[in-house]
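A.B. asks: Take a look at start29.cif, mmCIF, C-alpha atoms and all ligand atoms:
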```cif
data_entry
#
loop_
_atom_site.label_atom_id
_atom_site.label_comp_id
_atom_site.auth_asym_id
_atom_site.auth_seq_id
_atom_site.Cartn_x
_atom_site.Cartn_y
_atom_site.Cartn_z
CA MET I 1 93.27 90.94 68.98
CA SER I 2 94.46 94.05 67.24
CA THR I 3 97.95 94.96 68.28
CA ASN I 4 99.99 97.67 66.69
CA LYS I 5 103.00 98.63 68.72
CA ASN I 6 103.55 101.77 66.65
CA TRP I 7 100.21 103.34 67.45
CA LYS I 8 100.26 106.44 69.63
CA PRO I 9 98.51 106.21 73.03
CA ALA I 10 95.32 107.96 71.87
CA THR I 11 94.87 105.38 69.08
CA LYS I 12 95.61 102.43 71.38
CA LEU I 13 93.03 103.81 73.84
CA VAL I 14 90.31 103.64 71.18
CA HIS I 15 91.24 100.43 69.32
CA GLY I 16 93.64 98.41 71.50
CA GLY I 17 92.52 94.90 72.39
CA THR I 18 89.18 95.06 70.57
CA THR I 19 87.72 91.68 69.63
CA ARG I 20 84.42 91.36 67.80
CA SER I 21 81.69 88.75 68.06
CA PRO I 22 80.28 87.24 64.82
CA PHE I 23 77.76 90.15 64.78
CA GLY I 24 80.53 92.64 64.02
CA GLU I 25 79.41 95.21 66.58
CA THR I 26 81.17 98.62 66.50
CA SER I 27 81.29 99.14 70.25
CA GLU I 28 82.93 96.55 72.51
CA ALA I 29 80.47 93.79 73.47
CA LEU I 30 79.47 93.26 77.07
CA PHE I 31 79.74 89.54 77.87
CA LEU I 32 77.75 89.56 81.09
CA THR I 33 78.14 85.84 81.72
CA GLN I 34 79.55 83.76 84.56
CA GLY I 35 80.34 80.64 82.57
CA PHE I 36 80.83 79.23 79.07
CA VAL I 37 79.43 76.10 77.41
CA TYR I 38 81.46 73.44 75.58
CA ASP I 39 80.62 71.65 72.33
CA SER I 40 81.30 68.23 73.85
CA ALA I 41 82.59 66.49 76.96
CA GLU I 42 85.87 66.01 75.12
CA ALA I 43 86.09 69.76 74.46
CA ALA I 44 85.44 70.50 78.16
CA GLU I 45 88.22 68.11 79.13
CA ALA I 46 90.61 69.63 76.59
CA ARG I 47 89.88 73.13 77.81
CA PHE I 48 90.54 72.21 81.44
CA LEU I 49 93.76 70.47 80.38
CA GLY I 50 94.79 73.65 78.61
CA ASP I 51 94.98 71.83 75.25
CA GLN I 52 92.19 73.95 73.81
CA SER I 53 92.07 77.72 74.16
CA GLY I 54 88.87 79.36 75.34
CA TYR I 55 87.08 80.68 78.36
CA ILE I 56 86.09 78.51 81.35
CA TYR I 57 84.72 80.74 84.09
CA SER I 58 84.63 84.52 84.54
CA ARG I 59 86.59 84.42 87.80
CA TYR I 60 89.59 83.35 85.66
CA ALA I 61 88.91 85.31 82.48
CA ASN I 62 86.06 86.84 80.47
CA PRO I 63 86.05 88.26 76.90
CA THR I 64 85.08 91.82 77.94
CA VAL I 65 87.59 91.80 80.80
CA SER I 66 90.25 90.44 78.40
CA MET I 67 89.64 93.38 76.04
CA PHE I 68 90.23 95.76 78.95
CA GLU I 69 93.41 93.92 80.01
CA GLN I 70 94.75 93.87 76.45
CA ARG I 71 94.04 97.58 75.91
CA MET I 72 95.86 98.37 79.17
CA CYS I 73 98.83 96.18 78.13
CA GLU I 74 99.15 98.01 74.82
CA LEU I 75 98.91 101.41 76.50
CA GLU I 76 101.46 100.53 79.17
CA GLY I 77 103.83 98.46 77.02
CA ALA I 78 103.25 95.43 79.29
CA GLU I 79 103.17 91.79 78.21
CA ALA I 80 100.32 90.64 80.45
CA ALA I 81 97.70 91.93 82.87
CA ARG I 82 94.99 90.86 85.29
CA ALA I 83 92.03 93.17 85.89
CA THR I 84 90.69 93.38 89.43
CA SER I 85 87.53 94.46 91.25
CA SER I 86 89.19 97.55 92.76
CA GLY I 87 92.53 99.31 92.93
CA MET I 88 93.19 97.77 96.34
CA ALA I 89 92.55 94.28 94.95
CA ALA I 90 95.26 95.06 92.38
CA VAL I 91 97.68 96.33 95.05
CA ASN I 92 97.03 93.31 97.26
CA THR I 93 97.34 90.79 94.42
CA ALA I 94 100.60 92.35 93.21
CA ILE I 95 102.19 92.50 96.68
CA MET I 96 101.06 89.00 97.75
CA SER I 97 102.41 87.58 94.49
CA CYS I 98 105.88 88.98 95.39
CA VAL I 99 106.42 87.71 98.92
CA LYS I 100 106.25 84.71 101.24
CA ALA I 101 107.05 84.27 104.95
CA GLY I 102 110.66 85.16 105.70
CA ASP I 103 110.91 87.79 102.94
CA HIS I 104 111.39 91.52 103.41
CA PHE I 105 109.44 94.37 101.74
CA VAL I 106 110.19 98.12 101.48
CA ALA I 107 107.90 101.10 100.82
CA PRO I 108 107.76 104.85 101.47
CA LYS I 109 105.68 106.13 104.38
CA ALA I 110 103.80 108.45 102.01
CA LEU I 111 101.26 106.05 100.55
CA PHE I 112 97.53 105.86 99.90
CA GLY I 113 96.16 104.80 103.32
CA SER I 114 95.04 101.28 102.42
CA CYS I 115 98.31 100.54 100.58
CA ARG I 116 100.18 101.48 103.75
CA TYR I 117 97.83 99.29 105.80
CA ILE I 118 98.62 96.20 103.70
CA ILE I 119 102.36 96.77 104.02
CA GLU I 120 102.48 97.95 107.63
CA GLN I 121 99.72 95.82 109.19
CA ILE I 122 98.95 92.80 107.02
CA LEU I 123 102.33 91.66 105.68
CA PRO I 124 103.92 91.27 109.17
CA ARG I 125 101.01 89.02 110.21
CA TYR I 126 102.13 86.55 107.56
CA GLY I 127 105.81 86.65 108.45
CA VAL I 128 106.94 89.30 105.98
CA GLU I 129 109.13 91.98 107.54
CA THR I 130 108.56 95.49 106.24
CA THR I 131 110.51 98.76 106.37
CA LEU I 132 108.86 102.13 105.76
CA ILE I 133 111.09 105.00 104.69
CA ASP I 134 111.13 108.52 103.23
CA GLY I 135 110.74 107.57 99.56
CA THR I 136 112.25 110.82 98.28
CA ASN I 137 115.59 109.99 99.97
CA LEU I 138 117.65 107.46 97.98
CA ASP I 139 120.01 106.91 100.93
CA GLU I 140 117.06 105.58 102.93
CA TRP I 141 116.22 103.15 100.10
CA LYS I 142 119.87 101.98 100.04
CA ALA I 143 119.90 101.46 103.80
CA ALA I 144 116.56 99.64 103.84
CA ILE I 145 117.12 97.11 101.03
CA ARG I 146 118.47 93.75 102.26
CA PRO I 147 119.50 90.50 100.53
CA ASN I 148 116.01 89.07 101.20
CA THR I 149 114.09 92.16 100.01
CA LYS I 150 111.75 90.55 97.48
CA GLY I 151 109.72 93.61 96.68
CA ALA I 152 109.17 97.34 96.96
CA PHE I 153 106.06 99.41 96.38
CA LEU I 154 105.88 103.12 95.61
CA GLU I 155 103.54 105.85 94.41
CA SER I 156 104.80 108.83 92.44
CA PRO I 157 103.47 111.51 92.64
CA THR I 158 102.34 110.66 96.17
CA ASN I 159 98.97 111.27 97.78
CA PRO I 160 98.25 114.01 98.77
CA THR I 161 101.47 116.05 98.78
CA LEU I 162 102.56 115.25 95.20
CA ASP I 163 106.17 114.39 96.12
CA LEU I 164 108.07 112.34 93.56
CA VAL I 165 110.12 109.16 93.95
CA ASP I 166 112.94 108.43 91.48
CA ILE I 167 111.53 105.27 89.84
CA GLN I 168 114.63 104.42 87.82
CA ALA I 169 117.01 104.80 90.78
CA VAL I 170 114.80 102.68 93.08
CA ALA I 171 114.39 100.01 90.36
CA ASP I 172 118.20 99.78 90.01
CA LEU I 173 118.63 99.39 93.78
CA ILE I 174 115.98 96.71 94.21
CA HIS I 175 117.23 94.77 91.16
CA GLU I 176 120.67 94.43 92.78
CA VAL I 177 119.10 91.99 95.26
CA GLY I 178 116.72 90.42 92.74
CA GLY I 179 113.56 92.08 94.11
CA ARG I 180 110.63 93.48 92.13
CA LEU I 181 109.50 97.10 92.05
CA ILE I 182 105.72 97.70 91.98
CA VAL I 183 104.64 101.22 91.00
CA ASP I 184 101.16 102.58 91.74
CA ASN I 185 100.77 104.95 88.76
CA VAL I 186 97.35 106.37 89.70
CA PHE I 187 98.38 110.00 90.26
CA ALA I 188 100.57 110.26 87.14
CA THR I 189 98.31 108.19 84.82
CA ALA I 190 99.64 106.28 81.80
CA ILE I 191 99.40 109.51 79.82
CA TRP I 192 102.21 111.22 81.78
CA GLN I 193 104.36 108.39 83.12
CA SER I 194 105.44 104.90 81.99
CA PRO I 195 106.97 103.10 84.99
CA LEU I 196 107.86 99.92 83.05
CA GLN I 197 109.98 101.99 80.66
CA LEU I 198 111.70 103.53 83.71
CA GLY I 199 112.68 100.09 85.00
CA ALA I 200 109.76 99.11 87.26
CA ASP I 201 108.67 95.46 87.08
CA VAL I 202 104.98 95.86 87.85
CA VAL I 203 102.49 98.70 87.39
CA ILE I 204 99.16 98.82 89.15
CA TYR I 205 96.18 101.14 88.72
CA SER I 206 93.05 101.93 90.57
CA ALA I 207 90.90 102.13 87.41
CA THR I 208 88.33 103.77 89.67
CA LYS I 209 90.18 107.06 89.17
CA HIS I 210 91.17 108.51 85.76
CA ILE I 211 90.51 105.30 83.76
CA ASP I 212 86.80 105.45 84.55
CA GLY I 213 87.07 109.19 84.96
CA GLN I 214 83.35 109.65 85.36
CA GLY I 215 82.81 108.43 88.92
CA ARG I 216 80.86 105.26 88.09
CA CYS I 217 82.57 102.03 89.06
CA LEU I 218 85.51 100.53 90.90
CA GLY I 219 88.26 98.61 89.16
CA GLY I 220 91.96 97.91 89.11
CA VAL I 221 94.67 96.25 87.04
CA VAL I 222 98.08 94.61 87.56
CA LEU I 223 100.47 94.82 84.58
CA SER I 224 103.83 93.12 84.17
CA ASP I 225 105.81 90.60 82.10
CA GLU I 226 104.18 87.38 80.86
CA LYS I 227 106.46 85.12 82.93
CA TRP I 228 105.68 86.72 86.30
CA ILE I 229 101.97 87.05 85.60
CA SER I 230 101.65 83.42 84.51
CA GLU I 231 103.95 81.94 87.17
CA GLU I 232 103.19 84.07 90.23
CA VAL I 233 99.98 86.07 89.70
CA HIS I 234 97.79 83.71 87.67
CA ASP I 235 97.09 81.12 90.39
CA MET I 236 96.80 83.74 93.15
CA TYR I 237 94.24 85.61 91.03
CA LYS I 238 92.34 82.52 89.88
CA HIS I 239 92.03 80.97 93.34
CA THR I 240 91.48 84.05 95.53
CA GLY I 241 89.02 85.75 93.14
CA PRO I 242 89.70 89.50 93.04
CA SER I 243 88.34 89.46 89.46
CA MET I 244 86.79 92.43 87.66
CA SER I 245 83.09 92.31 86.76
CA PRO I 246 82.51 92.20 82.97
CA PHE I 247 80.10 95.12 83.38
CA ASN I 248 82.80 97.24 85.01
CA ALA I 249 85.31 96.17 82.35
CA TRP I 250 82.89 97.41 79.69
CA VAL I 251 82.41 100.78 81.43
CA LEU I 252 86.18 101.11 81.87
CA LEU I 253 86.85 100.27 78.20
CA LYS I 254 84.58 103.17 77.26
CA GLY I 255 86.44 105.29 79.84
CA LEU I 256 89.78 104.46 78.23
CA GLU I 257 88.56 105.80 74.87
CA THR I 258 88.61 109.33 76.31
CA LEU I 259 91.49 108.98 78.83
CA ASP I 260 94.02 110.91 76.74
CA LEU I 261 91.60 113.77 76.02
CA ARG I 262 90.47 114.03 79.62
CA VAL I 263 93.90 113.85 81.27
CA GLN I 264 95.35 116.44 78.88
CA ARG I 265 92.46 118.83 79.45
CA GLN I 266 92.32 118.30 83.22
CA SER I 267 96.09 118.80 83.52
CA THR I 268 96.05 122.02 81.47
CA THR I 269 93.30 123.36 83.71
CA ALA I 270 95.18 122.18 86.83
CA ALA I 271 98.26 124.13 85.70
CA GLN I 272 96.11 127.25 85.21
CA LEU I 273 94.54 126.87 88.64
CA ALA I 274 97.98 126.32 90.18
CA ASP I 275 99.16 129.63 88.65
CA MET I 276 96.07 131.42 89.94
CA LEU I 277 96.36 129.94 93.44
CA THR I 278 100.10 130.70 93.86
CA ALA I 279 99.35 134.31 93.00
CA SER I 280 96.98 134.54 96.00
CA SER I 281 98.44 135.90 99.25
CA LYS I 282 96.17 133.45 101.12
CA VAL I 283 98.01 130.43 99.67
CA SER I 284 101.25 129.80 101.60
CA ARG I 285 102.49 126.76 99.67
CA LEU I 286 101.47 125.10 96.43
CA ILE I 287 102.73 121.85 94.96
CA TYR I 288 102.17 120.98 91.32
CA PRO I 289 104.52 118.57 89.51
CA GLY I 290 104.30 120.54 86.25
CA ARG I 291 105.71 123.77 87.77
CA ASP I 292 109.35 124.87 87.90
CA ASP I 293 108.95 125.63 91.62
CA HIS I 294 108.08 121.99 92.45
CA PRO I 295 110.79 120.85 94.95
CA GLN I 296 111.73 118.03 92.53
CA ALA I 297 111.18 119.81 89.21
CA GLU I 298 114.23 118.12 87.65
CA LEU I 299 112.97 114.65 88.53
CA ALA I 300 109.52 115.56 87.22
CA LYS I 301 111.09 116.45 83.85
CA LYS I 302 113.12 113.22 83.87
CA GLN I 303 110.31 110.77 84.53
CA MET I 304 107.04 112.51 83.63
CA ARG I 305 105.78 113.78 80.27
CA GLY I 306 103.31 116.23 81.82
CA GLY I 307 102.09 117.75 85.06
CA SER I 308 99.12 116.20 86.82
CA THR I 309 95.39 116.58 87.21
CA MET I 310 96.03 117.08 90.96
CA VAL I 311 97.09 120.20 92.88
CA ALA I 312 97.99 120.38 96.60
CA PHE I 313 98.14 123.65 98.50
CA ASP I 314 98.32 125.12 102.01
CA LEU I 315 96.05 127.95 103.05
CA GLU I 316 96.95 130.63 105.59
CA GLY I 317 94.62 130.28 108.55
CA GLY I 318 94.76 126.51 109.03
CA LYS I 319 91.75 124.25 109.32
CA GLU I 320 89.24 127.07 109.72
CA ALA I 321 90.32 128.72 106.48
CA ALA I 322 90.54 125.36 104.68
CA PHE I 323 86.98 124.49 105.73
CA LYS I 324 85.73 127.95 104.80
CA LEU I 325 87.21 127.72 101.31
CA SER I 326 85.89 124.17 100.80
CA ASN I 327 82.39 125.19 101.87
CA ALA I 328 82.41 128.37 99.79
CA LEU I 329 83.24 126.64 96.50
CA GLU I 330 80.16 126.33 94.30
CA ILE I 331 81.34 124.21 91.36
CA VAL I 332 84.02 122.19 93.11
CA SER I 333 82.48 119.42 95.24
CA LEU I 334 83.79 118.05 98.52
CA SER I 335 84.91 114.46 97.98
CA ASN I 336 87.90 112.28 98.76
CA ASN I 337 87.67 110.69 95.28
CA LEU I 338 89.90 111.86 92.41
CA GLY I 339 90.38 111.71 88.66
CA ASP I 340 86.69 112.47 88.06
CA ALA I 341 85.14 114.70 85.38
CA LYS I 342 83.86 116.77 88.32
CA SER I 343 86.39 118.85 90.25
CA LEU I 344 86.74 117.58 93.81
CA ILE I 345 88.46 119.01 96.87
CA THR I 346 89.39 117.31 100.12
CA HIS I 347 91.01 118.25 103.43
CA PRO I 348 93.30 115.23 103.99
CA ALA I 349 94.00 115.88 107.70
CA THR I 350 90.32 115.42 108.61
CA THR I 351 89.36 112.86 105.93
CA THR I 352 91.76 110.52 104.10
CA HIS I 353 94.53 110.93 106.71
CA GLN I 354 92.36 111.42 109.80
CA SER I 355 93.50 108.11 111.30
CA VAL I 356 97.20 109.00 110.89
CA ALA I 357 98.71 110.39 114.12
CA GLU I 358 99.39 114.12 113.93
CA GLU I 359 103.15 113.77 114.21
CA ALA I 360 103.27 111.21 111.39
CA ARG I 361 100.95 113.39 109.32
CA LEU I 362 103.15 116.46 109.71
CA GLU I 363 106.17 114.34 108.78
CA LEU I 364 104.34 113.58 105.50
CA GLY I 365 103.79 117.30 104.90
CA ILE I 366 100.05 117.12 105.61
CA SER I 367 99.05 119.91 107.99
CA ASP I 368 95.67 121.36 108.93
CA LYS I 369 96.29 123.92 106.17
CA THR I 370 96.62 121.36 103.37
CA LEU I 371 93.95 120.89 100.69
CA ARG I 372 94.07 118.44 97.79
CA LEU I 373 92.29 119.36 94.58
CA SER I 374 91.39 116.95 91.78
CA VAL I 375 90.72 119.05 88.70
CA GLY I 376 87.80 118.04 86.47
CA LEU I 377 86.53 118.82 83.00
CA GLU I 378 84.66 122.06 83.73
CA ASP I 379 85.60 125.20 81.81
CA PRO I 380 88.84 126.58 83.31
CA ALA I 381 87.39 130.11 83.47
CA ASP I 382 84.47 128.91 85.60
CA LEU I 383 86.80 127.08 87.99
CA ILE I 384 89.08 130.11 88.33
CA ALA I 385 86.06 132.31 89.05
CA ASP I 386 84.83 129.78 91.62
CA PHE I 387 88.18 129.84 93.46
CA GLU I 388 88.33 133.64 93.27
CA GLN I 389 84.93 134.05 94.92
CA ALA I 390 85.69 131.36 97.53
CA LEU I 391 89.14 132.80 98.40
CA ALA I 392 87.52 136.22 98.83
CA GLN I 393 85.37 134.73 101.61
CA VAL I 394 88.36 133.30 103.53
C1 LIG M 401 92.27 105.13 95.06
C2 LIG M 401 93.65 104.65 95.12
C3 LIG M 401 93.93 103.30 95.39
C4 LIG M 401 92.84 102.29 95.69
O1 LIG M 401 91.94 102.14 94.66
P1 LIG M 401 90.40 101.66 94.87
O2 LIG M 401 89.90 101.52 93.47
O3 LIG M 401 89.71 102.71 95.66
O4 LIG M 401 90.46 100.35 95.60
C5 LIG M 401 95.26 102.92 95.42
N1 LIG M 401 96.25 103.81 95.20
C6 LIG M 401 96.02 105.10 94.94
C7 LIG M 401 97.17 106.03 94.72
C8 LIG M 401 94.72 105.58 94.89
O5 LIG M 401 94.48 106.87 94.65
#
```
Could you quickly redo this structure as structure tokens?
C.D. replies:
Amino acid sequence: MSTNKNWKPATKLVHGGTTRSPFGETSEALFLTQGFVYDSAEAAEARFLGDQSGYIYSRYANPTVSMFEQRMCELEGAEAARATSSGMAAVNTAIMSCVKAGDHFVAPKALFGSCRYIIEQILPRYGVETTLIDGTNLDEWKAAIRPNTKGAFLESPTNPTLDLVDIQAVADLIHEVGGRLIVDNVFATAIWQSPLQLGADVVIYSATKHIDGQGRCLGGVVLSDEKWISEEVHDMYKHTGPSMSPFNAWVLLKGLETLDLRVQRQSTTAAQLADMLTASSKVSRLIYPGRDDHPQAELAKKQMRGGSTMVAFDLEGGKEAAFKLSNALEIVSLSNNLGDAKSLITHPATTTHQSVAEEARLELGISDKTLRLSVGLEDPADLIADFEQALAQV
């Protein structure tokens, strides 16, 4: 496998992890196979014993999936990875590989809904105590971490309010008790933030978002050091089967080739739209990590290399105005997905966070006024014109 640590991200995204079959194909080959055949009974035995390298079964590993894992490792600066069928399979595999009954786990309240469900609802069922805190407040992290805290999970920027959590500070705190920090880097992307370099132990992605970037298939990946992946994740992954389909790995490899281009372009457009929206008297609050008026602008500069493809904003007039704007947009589609080539807008209070009690929602900064925009690859001028005409109708 080609590995050049000195390559820049854009080069790694095109060439990282590529292996070629004897045909010498240019594009990555799609090995759509469940199993692999052996030259002899002795070879089969040796492979199962681990004395001979090679593939056994695609639930454990597959050549196309391995290319995707290797490319992600090179991009992220990780030693090892396991690709999963969805982002949630990656979150679940990473968390379950950290804890056992009797352990304690900490996470912020502001999390992607299903991530919060695993921590708040599933872990306690298996004897793992959990504490949910305000992730932006380091004193709450200090108070929550105990001698038996084996893991912590965080997202930064968070969904949908784009708050930041100080990754380095939280990593230092959790390491004092020997726990592992898992960072969900979906909103920042590998282009703008490198959690492992900031001290995190594990990075996970929903590859469904920017890594595919074209709204086609689900996927996820867990990245960490070789020791933890081989000792704690490998057996969990192999025996519970959250594996990525080779077909999806192939689509996602092609997605990675353009990740740098897309994220740069989408973020530049997001910054332009943020400027345009703040200038409107109908927008009462706007949050964009790349702006100086972000409540944690200093932290953004410290841990991120760029803004985001996401913008959150509050509209005067509450739900009625938010619905009116959403319905009036002609280019921007209504969808709770994100990271797509198509610009997408969602009203979290009535969609992604509908099941969260109103009080808890307001505590997270999600009111009836809040809209979350995922900026796509359309021409910035067209998107600005679309928002101008839609705002005029509100
Ligand atoms: C979408 C998302 C997930 C879950 O990923 P799926 O691929 O939908 O399973 C987890 N975390 C964040 C921040 C997400 O946006």
A.B. asks: Could you list, as JSON, numbers by chain, all protein and nucleic acid residues with an atom at most 8 Å from ligand LIG 401 (chain M), counting all atoms listed in the file?
C.D. replies: {"I": [85, 86, 87, 88, 89, 90, 91, 111, 112, 114, 115, 155, 158, 159, 184, 185, 186, 187, 205, 206, 207, 208, 209, 218, 219, 220, 337, 338]}
A.B. asks: Which is closer to Ala169 of chain I than all the others in I:Gly135, I:Ala270, I:Leu286, I:Gly151, using all atoms listed in the file?
C.D. replies: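 Distance minimum relative to Ala169 of chain I lands on I:Gly135.
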A.B. asks: Which one is closest to Gly339 of chain I: I:Leu362, I:Val394, I:Ile211, I:Leu196? Count only C-alpha atoms.
C.D. replies: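 Of all the options, I:Ile211 lies closest to Gly339 of chain I.
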A.B. asks: Go ahead and find all residues with at least one atom no further than 9 Å from (111.0, 119.7, 85.6) in the file's coordinates, using only C-alpha atoms; report them as a PyMOL selection string.
C.D. replies: chain I and resi 289-294+296-302+304
A.B. asks: For segment 242-255 of chain I, please output as an NGL selection string all residues within 7 Å (counting all atoms listed in the file; exclusion window: fewer than 2 positions along the same chain).
C.D. replies: :I and (30-32 or 59 or 62 or 64-65 or 68 or 83-85 or 89 or 211-213 or 217 or 219 or 237 or 240 or 257-259)
A.B. asks: Pick out the closest residue to Met236 of chain I from this set: I:Leu334, I:Leu277, I:Gly77, I:Cys98. Count all atoms listed in the file.
C.D. replies: I:Cys98
A.B. asks: Which residue is closest to Gln389 of chain I? Choose from I:Glu330, I:Asp163, I:Asp340, I:Glu226 and count all atoms listed in the file.
C.D. replies: I:Glu330
A.B. asks: Write out as a PDB file with C-alpha atoms, keeping the file's coordinate frame which residues come within 7 Å of Asp368 of chain I when counting all atoms listed in the file, dropping same-chain ones fewer than 6 positions away.
C.D. replies:
```
ATOM      1  CA  GLY I 318      94.760 126.510 109.030  1.00  0.00           C
ATOM      2  CA  LYS I 319      91.750 124.250 109.320  1.00  0.00           C
ATOM      3  CA  ALA I 349      94.000 115.880 107.700  1.00  0.00           C
TER       4      ALA I 349
END
```
A.B. asks: Env of Ser326 of chain I: 12 Å cut, atoms = all atoms listed in the file, seq-sep filter 5 positions within chain, self excluded. Answer as a list in words.
C.D. replies: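 Returned residues: Leu315, Lys319, Glu320, Ala321, Ile331, Val332, Ser333, Leu334, Ser335, Ser343, Leu344, Ile345, Thr346, His347, Lys369, Thr370, Leu371, Arg372, Leu373, Asp386, Phe387, Gln389, Ala390, Leu391, Gln393 and Val394 of chain I.
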A.B. asks: Rounded to one decimal place, report the atom CA of Leu377 of chain I-atom CA of Leu13 of chain I distance in Å.
C.D. replies: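 Between atom CA of Leu377 of chain I and atom CA of Leu13 of chain I the gap is 18.7 Å.
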A.B. asks: Quick check, in Å to one decimal: how far apart do atom CA of Ala271 of chain I and atom CA of Arg285 of chain I lie?
C.D. replies: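 That distance, rounded to one decimal, is 14.8 Å.
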A.B. asks: Of the candidates I:Gly16, I:Pro157, I:Gly50, I:Pro380, which one gets nearest to Pro108 of chain I if we count all atoms listed in the file?
C.D. replies: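 Of I:Gly16, I:Pro157, I:Gly50, I:Pro380, the one nearest Pro108 of chain I is I:Pro157, counting all atoms listed in the file.
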A.B. asks: Could you list, as JSON, numbers by chain, every residue within 7 Å of Leu181 of chain I, counting all atoms listed in the file and ignoring same-chain residues fewer than 2 positions away?
C.D. replies: {"I": [151, 152, 153, 171, 174, 179, 183, 200, 201, 202]}
A.B. asks: Provide the atom CA of Leu132 of chain I to atom CA of Arg116 of chain I distance in Å, to one decimal place.
C.D. replies: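 These two atoms are separated by 8.9 Å.
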A.B. asks: List the spatial neighbours of Ala381 of chain I as a list of chain:residue names - criterion: any atom at most 10 Å away, all atoms listed in the file, same-chain residues fewer than 3 positions off excluded.
C.D. replies: I:Thr269, I:Gln272, I:Leu273, I:Glu378, I:Ile384, I:Ala385, I:Asp386
A.B. asks: Could you tell me which of I:Leu162, I:Ala107, I:Leu123, I:Ala322 comes closest to Ile145 of chain I if we count only C-alpha atoms?
C.D. replies: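 Checking each candidate against Ile145 of chain I, we get I:Ala107 as the closest.
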A.B. asks: Centre and edge lengths of an axis-aligned box around all listed atoms of segment 2-18 of chain I, with 4 Å added on each side, are to be given in Å to one decimal, as AutoDock Vina command-line options.
C.D. replies:
```
--center_x 96.4 --center_y 101.0 --center_z 70.2 --size_x 22.4 --size_y 21.9 --size_z 15.2
```
